[in-house]
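Everything below belongs to run_12.txt, which stores compact mmCIF, C-alpha atoms and all ligand atoms.
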```txt
# COMPACT_ATOMS: atom_id res chain seq x y z
CA MET A 1 105.60 91.17 233.53
CA SER A 2 104.34 94.51 232.22
CA ALA A 3 105.67 96.07 229.01
CA GLY A 4 107.60 98.57 231.11
CA ASP A 5 109.33 95.81 233.08
CA GLU A 6 110.15 94.06 229.82
CA ALA A 7 111.84 97.17 228.44
CA ARG A 8 113.86 97.52 231.63
CA THR A 9 115.41 94.09 231.26
CA GLY A 10 117.04 95.13 227.95
CA LEU A 11 120.48 96.76 227.90
CA GLU A 12 119.09 100.26 227.26
CA GLY A 13 116.07 99.75 229.52
CA ALA A 14 117.06 101.66 232.64
CA LEU A 15 119.34 104.15 230.93
CA LEU A 16 117.83 107.56 230.22
CA SER A 17 117.23 107.92 226.51
CA LEU A 18 119.63 110.87 226.19
CA TYR A 19 121.77 109.21 223.53
CA GLY A 20 118.98 108.22 221.16
CA ASP A 21 118.77 104.79 219.54
CA ARG A 22 122.04 102.94 219.72
CA ASP A 23 122.42 99.75 217.73
CA LEU A 24 125.87 98.52 218.81
CA THR A 25 126.87 96.91 222.09
CA LEU A 26 130.65 96.91 222.35
CA VAL A 27 132.31 94.29 224.50
CA LYS A 28 136.03 94.30 223.65
CA GLY A 29 138.82 96.47 222.24
CA GLU A 30 142.41 96.15 221.07
CA GLY A 31 144.45 98.89 219.39
CA SER A 32 142.30 100.59 216.74
CA ARG A 33 139.67 97.83 216.80
CA VAL A 34 136.58 97.06 218.87
CA TRP A 35 134.21 94.09 218.89
CA ASP A 36 130.46 93.92 219.38
CA ASP A 37 128.45 91.31 221.27
CA GLN A 38 127.91 89.36 218.05
CA GLY A 39 131.66 88.88 217.55
CA GLN A 40 131.81 91.42 214.70
CA SER A 41 134.98 93.58 214.66
CA TYR A 42 135.14 97.26 213.70
CA LEU A 43 137.92 99.66 212.88
CA ASP A 44 137.37 102.44 215.42
CA PHE A 45 137.91 105.86 213.88
CA THR A 46 135.94 107.56 216.65
CA ALA A 47 138.39 106.58 219.44
CA GLY A 48 135.66 107.40 221.94
CA ILE A 49 135.34 110.86 220.33
CA ALA A 50 139.04 111.74 220.22
CA VAL A 51 139.63 110.24 223.68
CA SER A 52 141.49 106.94 223.24
CA ALA A 53 144.64 108.51 221.82
CA LEU A 54 146.80 105.45 222.54
CA GLY A 55 144.12 103.04 221.29
CA HIS A 56 142.30 100.35 223.23
CA ARG A 57 144.11 98.12 225.71
CA SER A 58 147.27 100.23 225.44
CA PRO A 59 150.28 98.59 227.14
CA VAL A 60 151.40 102.09 228.20
CA ILE A 61 148.15 102.61 230.06
CA GLU A 62 148.09 99.09 231.46
CA ALA A 63 151.54 99.60 233.01
CA ALA A 64 150.59 103.01 234.45
CA LEU A 65 147.36 101.62 235.88
CA GLN A 66 149.14 98.68 237.47
CA GLU A 67 151.82 100.86 239.03
CA ALA A 68 149.24 103.32 240.36
CA TRP A 69 147.09 100.49 241.70
CA ASP A 70 150.07 98.95 243.47
CA THR A 71 150.49 102.10 245.58
CA GLY A 72 147.08 101.32 247.09
CA LEU A 73 145.99 104.93 246.57
CA MET A 74 143.32 105.25 243.94
CA HIS A 75 141.76 108.35 245.47
CA THR A 76 142.65 110.68 248.31
CA SER A 77 140.50 113.81 247.68
CA ASN A 78 142.26 117.15 247.44
CA LEU A 79 142.73 117.38 251.19
CA TYR A 80 146.21 115.98 250.58
CA ARG A 81 149.02 116.37 248.06
CA THR A 82 149.82 113.40 245.84
CA ARG A 83 152.82 113.01 243.56
CA PRO A 84 151.20 112.09 240.20
CA ALA A 85 149.09 115.29 240.06
CA ALA A 86 152.09 117.44 240.97
CA GLU A 87 154.26 115.78 238.32
CA LEU A 88 151.52 116.01 235.69
CA ALA A 89 150.98 119.72 236.42
CA GLU A 90 154.73 120.31 236.14
CA PHE A 91 154.84 118.44 232.81
CA LEU A 92 151.93 120.43 231.35
CA VAL A 93 153.39 123.76 232.40
CA GLN A 94 156.85 122.82 231.09
CA HIS A 95 155.33 121.98 227.71
CA SER A 96 152.93 124.95 227.43
CA PHE A 97 153.59 128.17 229.34
CA PRO A 98 154.54 129.21 232.90
CA GLY A 99 151.60 129.12 235.30
CA GLY A 100 149.54 126.71 237.33
CA VAL A 101 147.20 123.78 236.68
CA PHE A 102 143.78 122.75 238.03
CA PHE A 103 142.55 119.20 237.46
CA CYS A 104 138.92 118.22 237.04
CA ASN A 105 136.95 115.41 235.40
CA SER A 106 135.68 116.49 231.98
CA GLY A 107 135.90 119.05 229.22
CA ALA A 108 132.85 120.99 230.34
CA GLU A 109 134.20 121.16 233.88
CA ALA A 110 137.53 122.45 232.60
CA ASN A 111 135.80 125.23 230.65
CA GLU A 112 133.53 126.11 233.59
CA ALA A 113 136.65 126.46 235.74
CA ALA A 114 138.33 128.55 233.04
CA ILE A 115 135.39 130.97 233.04
CA LYS A 116 135.52 131.25 236.84
CA PHE A 117 139.29 131.84 236.77
CA ALA A 118 138.86 134.51 234.08
CA ARG A 119 136.21 136.29 236.16
CA ARG A 120 138.37 136.11 239.29
CA TRP A 121 141.33 137.55 237.36
CA ALA A 122 139.28 140.34 235.77
CA ARG A 123 137.67 141.33 239.07
CA THR A 124 141.09 141.49 240.71
CA VAL A 125 142.76 143.41 237.88
CA HIS A 126 139.92 145.58 236.47
CA GLY A 127 137.34 145.60 239.28
CA GLU A 128 133.59 144.94 239.02
CA GLY A 129 131.77 144.67 235.71
CA HIS A 130 134.09 142.49 233.64
CA SER A 131 132.20 139.24 233.86
CA ASP A 132 131.08 138.70 230.25
CA VAL A 133 132.53 136.10 227.90
CA VAL A 134 132.89 136.10 224.11
CA ALA A 135 132.54 132.82 222.22
CA PHE A 136 132.32 132.06 218.49
CA ARG A 137 129.74 130.90 216.00
CA GLY A 138 130.00 127.12 215.61
CA SER A 139 131.60 126.67 219.04
CA PHE A 140 131.13 123.76 221.42
CA HIS A 141 132.38 124.10 224.99
CA GLY A 142 130.18 121.68 226.96
CA ARG A 143 126.71 121.13 228.41
CA LEU A 144 126.86 122.73 231.86
CA TYR A 145 125.26 126.11 232.50
CA GLY A 146 128.22 128.35 231.71
CA THR A 147 129.62 126.21 228.93
CA LEU A 148 126.19 125.62 227.39
CA ALA A 149 125.69 129.39 227.29
CA ALA A 150 129.01 129.62 225.40
CA THR A 151 128.04 126.81 223.00
CA ASP A 152 126.51 128.01 219.74
CA ARG A 153 123.58 125.54 219.66
CA PRO A 154 120.22 127.21 220.29
CA LYS A 155 118.56 123.77 220.21
CA TYR A 156 120.72 122.50 223.08
CA GLN A 157 120.11 125.72 225.03
CA GLU A 158 116.41 126.48 224.62
CA PRO A 159 114.86 123.92 227.04
CA PHE A 160 117.26 124.84 229.83
CA ARG A 161 117.10 128.62 230.02
CA PRO A 162 118.01 130.68 231.94
CA LEU A 163 121.68 129.95 231.22
CA MET A 164 124.68 131.90 232.48
CA PRO A 165 124.10 135.46 231.23
CA GLY A 166 126.64 137.69 229.52
CA VAL A 167 127.85 135.54 226.62
CA HIS A 168 128.38 137.28 223.26
CA PHE A 169 128.92 135.39 220.01
CA ALA A 170 131.41 136.61 217.43
CA GLU A 171 132.18 135.47 213.89
CA LEU A 172 135.50 133.74 213.30
CA GLY A 173 137.62 136.06 211.16
CA ASP A 174 135.69 139.24 212.00
CA LEU A 175 138.32 141.41 213.70
CA ASP A 176 136.34 144.65 213.53
CA GLY A 177 133.38 143.01 215.23
CA MET A 178 135.68 141.56 217.88
CA ALA A 179 137.37 144.91 218.52
CA ARG A 180 133.93 146.49 218.99
CA LEU A 181 132.80 143.75 221.40
CA LEU A 182 135.96 144.04 223.49
CA GLN A 183 135.59 147.84 223.60
CA GLU A 184 131.88 147.95 224.42
CA GLU A 185 131.31 144.87 226.58
CA ARG A 186 134.63 144.71 228.46
CA PRO A 187 134.50 140.88 228.71
CA CYS A 188 136.87 138.96 230.97
CA ALA A 189 137.63 136.34 228.33
CA VAL A 190 137.42 135.26 224.71
CA LEU A 191 136.87 131.50 224.48
CA LEU A 192 137.95 129.70 221.30
CA GLU A 193 138.71 126.23 219.89
CA PRO A 194 141.83 126.54 217.66
CA VAL A 195 140.28 123.76 215.59
CA GLN A 196 136.50 123.65 216.04
CA GLY A 197 135.46 120.06 216.69
CA GLU A 198 131.71 119.57 217.02
CA GLY A 199 131.22 122.64 214.81
CA GLY A 200 132.61 120.69 211.83
CA ILE A 201 136.41 120.14 212.14
CA LEU A 202 137.22 123.72 211.25
CA PRO A 203 140.74 125.06 211.81
CA VAL A 204 140.81 128.75 212.69
CA GLU A 205 142.96 130.97 210.43
CA GLY A 206 146.43 131.58 211.88
CA ALA A 207 146.38 135.26 210.93
CA PHE A 208 143.07 135.76 212.77
CA LEU A 209 144.46 134.07 215.89
CA CYS A 210 147.53 136.35 215.85
CA GLU A 211 145.38 139.47 215.53
CA LEU A 212 142.97 138.21 218.17
CA ARG A 213 145.91 137.65 220.55
CA GLU A 214 146.96 141.29 220.07
CA LEU A 215 143.42 142.64 220.46
CA CYS A 216 142.94 140.73 223.73
CA ARG A 217 146.24 142.04 225.05
CA GLU A 218 145.30 145.64 224.16
CA HIS A 219 141.91 145.40 225.85
CA GLY A 220 143.01 143.47 228.93
CA THR A 221 140.90 140.46 228.04
CA LEU A 222 142.07 136.89 228.56
CA LEU A 223 142.39 134.58 225.57
CA VAL A 224 141.21 131.07 226.48
CA PHE A 225 141.90 128.15 224.15
CA ASP A 226 139.60 125.16 224.49
CA GLU A 227 141.83 122.30 223.33
CA VAL A 228 139.61 119.65 224.86
CA GLN A 229 139.33 117.94 221.46
CA CYS A 230 142.21 119.33 219.36
CA GLY A 231 144.88 119.26 222.08
CA LEU A 232 147.45 116.70 223.23
CA GLY A 233 148.92 115.58 219.94
CA ARG A 234 145.73 115.24 217.89
CA THR A 235 146.78 117.86 215.30
CA GLY A 236 150.42 116.73 215.11
CA GLU A 237 151.70 119.26 217.66
CA LEU A 238 151.27 118.72 221.39
CA PHE A 239 148.89 121.70 221.43
CA ALA A 240 147.09 123.05 218.36
CA TRP A 241 148.15 126.64 219.14
CA GLN A 242 151.76 125.60 218.65
CA HIS A 243 151.08 125.46 214.88
CA TYR A 244 150.31 129.19 215.07
CA LYS A 245 152.71 130.17 217.86
CA VAL A 246 149.85 132.07 219.51
CA VAL A 247 149.99 131.47 223.27
CA PRO A 248 146.73 131.70 225.25
CA ASP A 249 146.31 132.95 228.83
CA ILE A 250 144.30 129.87 229.76
CA LEU A 251 144.31 126.44 228.11
CA THR A 252 141.71 123.73 228.72
CA LEU A 253 142.28 120.03 228.08
CA ALA A 254 140.31 116.85 228.62
CA LYS A 255 139.23 114.18 226.14
CA PRO A 256 142.51 112.23 225.60
CA LEU A 257 144.27 113.45 228.75
CA ALA A 258 143.99 110.24 230.79
CA GLY A 259 143.72 107.91 227.80
CA GLY A 260 140.05 107.05 228.41
CA LEU A 261 139.68 107.71 232.13
CA PRO A 262 137.71 110.90 232.86
CA MET A 263 139.99 113.87 233.43
CA GLY A 264 140.13 117.55 232.52
CA ALA A 265 142.74 120.23 233.15
CA VAL A 266 143.03 124.00 233.10
CA VAL A 267 146.46 125.55 232.58
CA ALA A 268 146.39 129.18 233.75
CA SER A 269 149.13 131.72 233.09
CA GLU A 270 151.14 133.10 236.00
CA ALA A 271 149.13 136.34 235.93
CA VAL A 272 145.84 134.45 236.23
CA ALA A 273 147.24 131.97 238.75
CA ALA A 274 148.35 134.87 240.96
CA THR A 275 144.74 136.02 241.42
CA LEU A 276 143.32 132.66 242.56
CA GLN A 277 142.74 132.10 246.27
CA PRO A 278 142.26 128.91 248.28
CA GLY A 279 138.54 128.07 248.16
CA ASP A 280 137.86 129.83 244.82
CA HIS A 281 137.25 126.50 243.14
CA ALA A 282 137.47 122.80 244.00
CA THR A 283 136.43 119.28 243.07
CA THR A 284 136.41 116.01 245.03
CA PHE A 285 137.76 113.73 242.32
CA GLY A 286 139.97 116.05 240.26
CA GLY A 287 143.60 115.02 239.82
CA GLY A 288 143.34 111.80 241.85
CA PRO A 289 146.49 109.64 241.91
CA LEU A 290 145.17 106.88 239.63
CA VAL A 291 143.92 109.11 236.79
CA ALA A 292 146.88 111.44 237.13
CA SER A 293 149.32 108.52 236.88
CA VAL A 294 147.67 107.34 233.69
CA ALA A 295 147.58 110.88 232.30
CA LEU A 296 151.27 111.32 233.04
CA ALA A 297 152.01 108.19 230.98
CA VAL A 298 149.77 109.49 228.16
CA VAL A 299 151.28 112.97 227.97
CA ARG A 300 154.85 111.65 228.22
CA THR A 301 154.07 109.37 225.28
CA VAL A 302 152.31 111.87 223.01
CA ALA A 303 154.80 114.69 223.70
CA GLU A 304 157.69 112.64 222.25
CA PRO A 305 158.85 114.33 219.01
CA ALA A 306 158.86 110.98 217.19
CA PHE A 307 155.27 110.30 218.27
CA LEU A 308 154.11 113.72 217.04
CA GLN A 309 156.01 113.22 213.79
CA ARG A 310 154.16 109.93 213.28
CA VAL A 311 150.81 111.69 213.92
CA ARG A 312 151.68 114.21 211.20
CA GLU A 313 152.62 111.41 208.77
CA ALA A 314 149.54 109.34 209.57
CA GLY A 315 147.40 112.47 209.23
CA ALA A 316 148.94 113.26 205.83
CA ARG A 317 148.26 109.70 204.65
CA LEU A 318 144.66 109.79 205.83
CA ARG A 319 144.18 113.22 204.23
CA ARG A 320 145.55 112.01 200.87
CA GLY A 321 143.25 108.99 201.03
CA LEU A 322 140.20 111.09 201.86
CA GLU A 323 141.07 113.68 199.22
CA SER A 324 141.04 110.88 196.63
CA LEU A 325 137.33 110.44 197.47
CA THR A 326 136.38 113.93 196.33
CA ARG A 327 133.57 113.69 193.77
CA PRO A 328 130.16 115.24 193.18
CA GLY A 329 128.55 115.44 196.62
CA VAL A 330 131.89 115.10 198.45
CA LEU A 331 133.45 118.55 198.63
CA GLY A 332 136.80 117.85 200.27
CA VAL A 333 138.80 117.44 203.45
CA ARG A 334 139.67 119.85 206.25
CA GLY A 335 141.35 119.69 209.63
CA ARG A 336 144.85 119.05 210.90
CA GLY A 337 146.87 115.95 211.76
CA LEU A 338 144.56 113.11 212.81
CA MET A 339 141.59 115.44 213.29
CA LEU A 340 140.05 115.47 209.84
CA GLY A 341 136.60 116.07 208.40
CA LEU A 342 135.19 114.94 205.06
CA VAL A 343 132.89 117.74 203.96
CA LEU A 344 129.70 116.73 202.15
CA GLU A 345 127.51 118.89 199.96
CA GLU A 346 124.29 117.80 201.68
CA ASP A 347 123.16 116.76 205.16
CA ARG A 348 124.32 113.18 204.69
CA ALA A 349 126.93 112.68 207.43
CA GLY A 350 124.54 110.44 209.40
CA ALA A 351 123.91 108.25 206.36
CA VAL A 352 127.64 107.90 205.63
CA VAL A 353 128.36 107.01 209.28
CA ALA A 354 125.62 104.33 209.23
CA ALA A 355 126.82 102.85 205.92
CA ALA A 356 130.44 102.76 207.13
CA GLN A 357 129.38 100.96 210.31
CA GLU A 358 127.66 98.30 208.17
CA LYS A 359 131.05 97.75 206.51
CA GLY A 360 133.00 97.57 209.77
CA LEU A 361 134.22 101.17 210.19
CA LEU A 362 133.11 103.33 213.12
CA LEU A 363 132.87 107.07 212.45
CA VAL A 364 131.05 110.00 213.98
CA GLY A 365 129.66 113.11 212.36
CA ALA A 366 130.62 116.68 213.28
CA GLY A 367 127.40 118.43 212.33
CA PRO A 368 125.10 117.27 209.53
CA ARG A 369 127.57 117.75 206.65
CA VAL A 370 130.92 116.66 208.02
CA VAL A 371 132.13 113.12 208.67
CA ARG A 372 134.79 113.19 211.38
CA PHE A 373 137.97 111.10 211.47
CA VAL A 374 139.65 110.99 214.90
CA PRO A 375 141.27 107.53 215.10
CA PRO A 376 143.69 106.54 217.87
CA LEU A 377 146.94 108.47 217.34
CA THR A 378 148.63 105.04 217.17
CA VAL A 379 146.66 104.03 214.05
CA SER A 380 148.74 102.13 211.46
CA ASP A 381 149.16 102.86 207.74
CA GLU A 382 147.29 99.62 206.95
CA GLU A 383 144.37 100.65 209.14
CA ILE A 384 144.26 104.07 207.50
CA ASP A 385 144.22 102.50 204.04
CA GLU A 386 141.52 100.04 205.11
CA ALA A 387 139.33 102.88 206.40
CA VAL A 388 139.76 104.84 203.17
CA GLU A 389 138.78 101.79 201.09
CA VAL A 390 135.62 101.31 203.18
CA LEU A 391 134.79 104.97 202.65
CA ARG A 392 135.42 104.63 198.92
CA GLU A 393 132.74 101.92 198.75
CA VAL A 394 130.40 104.01 200.88
CA VAL A 395 130.61 107.20 198.80
CA ALA A 396 130.61 105.31 195.46
C1 LIG B 401 133.86 117.39 224.02
C2 LIG B 401 134.20 118.82 224.16
C3 LIG B 401 133.89 119.54 225.32
C4 LIG B 401 133.09 118.92 226.45
O1 LIG B 401 133.76 117.87 227.05
P1 LIG B 401 132.94 116.85 228.02
O2 LIG B 401 134.04 116.00 228.60
O3 LIG B 401 131.99 116.12 227.15
O4 LIG B 401 132.27 117.69 229.04
C5 LIG B 401 134.28 120.84 225.41
N1 LIG B 401 134.97 121.44 224.42
C6 LIG B 401 135.30 120.79 223.29
C7 LIG B 401 136.08 121.49 222.23
C8 LIG B 401 134.91 119.47 223.11
O5 LIG B 401 135.20 118.82 221.97
```
Would you encode the structure as structure tokens?
Amino acid sequence: MSAGDEARTGLEGALLSLYGDRDLTLVKGEGSRVWDDQGQSYLDFTAGIAVSALGHRSPVIEAALQEAWDTGLMHTSNLYRTRPAAELAEFLVQHSFPGGVFFCNSGAEANEAAIKFARRWARTVHGEGHSDVVAFRGSFHGRLYGTLAATDRPKYQEPFRPLMPGVHFAELGDLDGMARLLQEERPCAVLLEPVQGEGGILPVEGAFLCELRELCREHGTLLVFDEVQCGLGRTGELFAWQHYKVVPDILTLAKPLAGGLPMGAVVASEAVAATLQPGDHATTFGGGPLVASVALAVVRTVAEPAFLQRVREAGARLRRGLESLTRPGVLGVRGRGLMLGLVLEEDRAGAVVAAAQEKGLLLVGAGPRVVRFVPPLTVSDEEIDEAVEVLREVVA
């Protein structure tokens, strides 16, 4: 056996090395806990990067899966109507704003679709020449060609140029700069995460969002909120923009939508929806009956006022715990609900994540200086306290 063959027999062997060195092999999950192949258990405060909102092995999801499976229709393609997608679309519109919904399979796909819908709308309403997009410093919208262009990471972009042209980056909070961009570039859309995720768990100022909403209205530019990470209960409201009462024209969702199955969604306002034609966009898998059934169970659960209230309480408890860790080198806490970041003075997020893992707590960084906390939304007080105590040992 050659060395190459040997490597291929290992668990990483045949996988492309896109995710770097990984030292954990997970084999089991339950609630907020996962187990590795050595039988070691971990408190999972990554939740699959803000995906597993109802935790692992959720009975809600198990029941939805079983019921969907029992219909015998896992997939039909979009040649036919199916009930779960229709009901899920109705639910999302009822809980956000009047319009229509497109289902896809990931966050990047949802944002790609949002950009296409914005261009279609602008071309219909304004005519040619309104194809540009404005995104913000620190943004993350995905790794496909349009979304990568709108993601503020030169390192991720460089090897893959040319990207989608016509993306302008603005500073959060800079209204004058934004007004100038809207005036001079006539973009079709401004794309924004109400709470930046990968950029470091950074909530956008409410006053800026209100002013931005007005500016977009004045200039005939669509405001698109990427709530792929911060949406669906994570911040303690069903949608993060509901904290600010600033309603977008297009809303994108994904990570937690189907509780761990891949699914994305775009909610488009009535005005945008009215410009879309059959054939403008499509996907084979999007909105299939099995994923849509699970998503329906997830959104019905997280939209319950009592569930959202519990997220706010759990978030407040976690925030208090993390704030008690503030010391030289640990600057403080930011975020909303159960989407929190511990901000460090130096580039030590990776070291903190590694040390926490050694002590049985799984975390993920959000940039080099922020340790991210996005546990299942069902996390218990005891689990929160346990995580804070592990962190206390780590930062000591
Ligand atoms: C994760 C993320 C995406 C990309 O989602 P994928 O499912 O990985 O394509 C887009 N926007 C935000 C805000 C995200 O956090």
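In this model, the gap between atom CA of A:Arg153 and atom C7 of ligand LIG 401 (chain B) comes to 13.4 Å.
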- Message: Just want the residues within 8 Å of ligand LIG 401 (chain B), written as number ranges by chain, counting only C-alpha atoms and all ligand atoms.
- Response: A: 49, 105-111, 139-144, 147, 193, 196-198, 226-230, 254-255, 262-264
- Query: Out of A:Gly13, A:Gly335, A:Pro256, A:Gly288, which residue has the shortest atom-to-atom distance to A:Leu377 when counting all atoms listed in the file?
  - Reply: A:Pro256
- Looking at A:Thr71, A:Asp385, A:Glu358, A:Ala114, which one is nearest to A:Arg83, with distances taken over all atoms listed in the file?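 Smallest distance to A:Arg83 is found for A:Thr71.
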- Could you state the separation of atom CA of A:Val364 and atom CA of A:Arg310 in Å, given to one decimal place?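 Separating atom CA of A:Val364 from atom CA of A:Arg310 is a distance of 23.1 Å.
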- Query: Which polymer residues have any atom within 9 Å of an atom of A:Ala271, counting all atoms listed in the file, with same-chain residues fewer than 4 positions away left out, as a PyMOL selection string?
  - Reply: chain A and resi 99+121+249+275
- Message: Counting all atoms listed in the file, which residue out of A:Pro194, A:Asp44, A:Tyr145, A:Gly236 sits closest to A:Gln157?
- Response: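 Closest candidate: A:Tyr145.
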- Query: Of the candidates A:Glu393, A:Glu128, A:Glu112, A:Asp176, which shows the shortest atom-to-atom distance to A:Thr151, using all atoms listed in the file?
  - Reply: A:Glu112
- Query: For the atom pair atom CA of A:Thr301 and atom CA of A:Val60, what is the interatomic distance in Å to one decimal place?
  - Reply: 8.3 Å
Select all residues near (149.5, 132.6, 223.6) (cut-off 12 Å, inclusive, file coordinates), counting only C-alpha atoms, and output them as a PDB file with C-alpha atoms, in the coordinates of the input.
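Saved as point01.pdb:
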```
ATOM      1  CA  SER A  96     152.930 124.950 227.430  1.00  0.00           C
ATOM      2  CA  PHE A  97     153.590 128.170 229.340  1.00  0.00           C
ATOM      3  CA  PRO A  98     154.540 129.210 232.900  1.00  0.00           C
ATOM      4  CA  PRO A 194     141.830 126.540 217.660  1.00  0.00           C
ATOM      5  CA  LEU A 209     144.460 134.070 215.890  1.00  0.00           C
ATOM      6  CA  CYS A 210     147.530 136.350 215.850  1.00  0.00           C
ATOM      7  CA  GLU A 211     145.380 139.470 215.530  1.00  0.00           C
ATOM      8  CA  LEU A 212     142.970 138.210 218.170  1.00  0.00           C
ATOM      9  CA  ARG A 213     145.910 137.650 220.550  1.00  0.00           C
ATOM     10  CA  GLU A 214     146.960 141.290 220.070  1.00  0.00           C
ATOM     11  CA  CYS A 216     142.940 140.730 223.730  1.00  0.00           C
ATOM     12  CA  ARG A 217     146.240 142.040 225.050  1.00  0.00           C
ATOM     13  CA  LEU A 222     142.070 136.890 228.560  1.00  0.00           C
ATOM     14  CA  LEU A 223     142.390 134.580 225.570  1.00  0.00           C
ATOM     15  CA  VAL A 224     141.210 131.070 226.480  1.00  0.00           C
ATOM     16  CA  PHE A 225     141.900 128.150 224.150  1.00  0.00           C
ATOM     17  CA  PHE A 239     148.890 121.700 221.430  1.00  0.00           C
ATOM     18  CA  ALA A 240     147.090 123.050 218.360  1.00  0.00           C
ATOM     19  CA  TRP A 241     148.150 126.640 219.140  1.00  0.00           C
ATOM     20  CA  GLN A 242     151.760 125.600 218.650  1.00  0.00           C
ATOM     21  CA  HIS A 243     151.080 125.460 214.880  1.00  0.00           C
ATOM     22  CA  TYR A 244     150.310 129.190 215.070  1.00  0.00           C
ATOM     23  CA  LYS A 245     152.710 130.170 217.860  1.00  0.00           C
ATOM     24  CA  VAL A 246     149.850 132.070 219.510  1.00  0.00           C
ATOM     25  CA  VAL A 247     149.990 131.470 223.270  1.00  0.00           C
ATOM     26  CA  PRO A 248     146.730 131.700 225.250  1.00  0.00           C
ATOM     27  CA  ASP A 249     146.310 132.950 228.830  1.00  0.00           C
ATOM     28  CA  ILE A 250     144.300 129.870 229.760  1.00  0.00           C
ATOM     29  CA  LEU A 251     144.310 126.440 228.110  1.00  0.00           C
ATOM     30  CA  VAL A 267     146.460 125.550 232.580  1.00  0.00           C
ATOM     31  CA  ALA A 268     146.390 129.180 233.750  1.00  0.00           C
ATOM     32  CA  SER A 269     149.130 131.720 233.090  1.00  0.00           C
TER      33      SER A 269
END
```
- Distance query 7 Å from (140.6, 107.5, 225.5) using only C-alpha atoms, result as a count of residues only: 12
- Message: Need to verify the contact set: A:Ala306, 12 Å, all atoms listed in the file, exclusion of same-chain residues closer than 3 positions in sequence. Can you return it as a PyMOL selection string?
- Response: chain A and resi 233+236-238+300-303+309-313+378
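Minimum distance to A:Ile115 across A:Pro368, A:His281, A:Ala64, A:Leu215 (counting only C-alpha atoms) occurs at A:His281.
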- Message: Give me, as a ChimeraX atom specification, all polymer residues having an atom no more than 8 Å from A:Arg372, counting only C-alpha atoms and skipping those fewer than 3 positions away in the same chain.
- Response: /A:46,200-201,339-342,363-366
- Item | Selected residue, from A:Ala282, A:Val353, A:Ala118, A:Leu344, that lies nearest to A:Cys104 when counting only C-alpha atoms |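 Among the listed residues, A:Ala282 lies closest to A:Cys104.
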- Task: For A:Ser380, work out the shell of residues within 12 Å, counting only C-alpha atoms and skipping chain neighbours fewer than 2 positions away, then give it as a PyMOL selection string.
- Result: chain A and resi 31-33+43+45+54-55+310-311+313-315+317-318+338+375-378+382-387
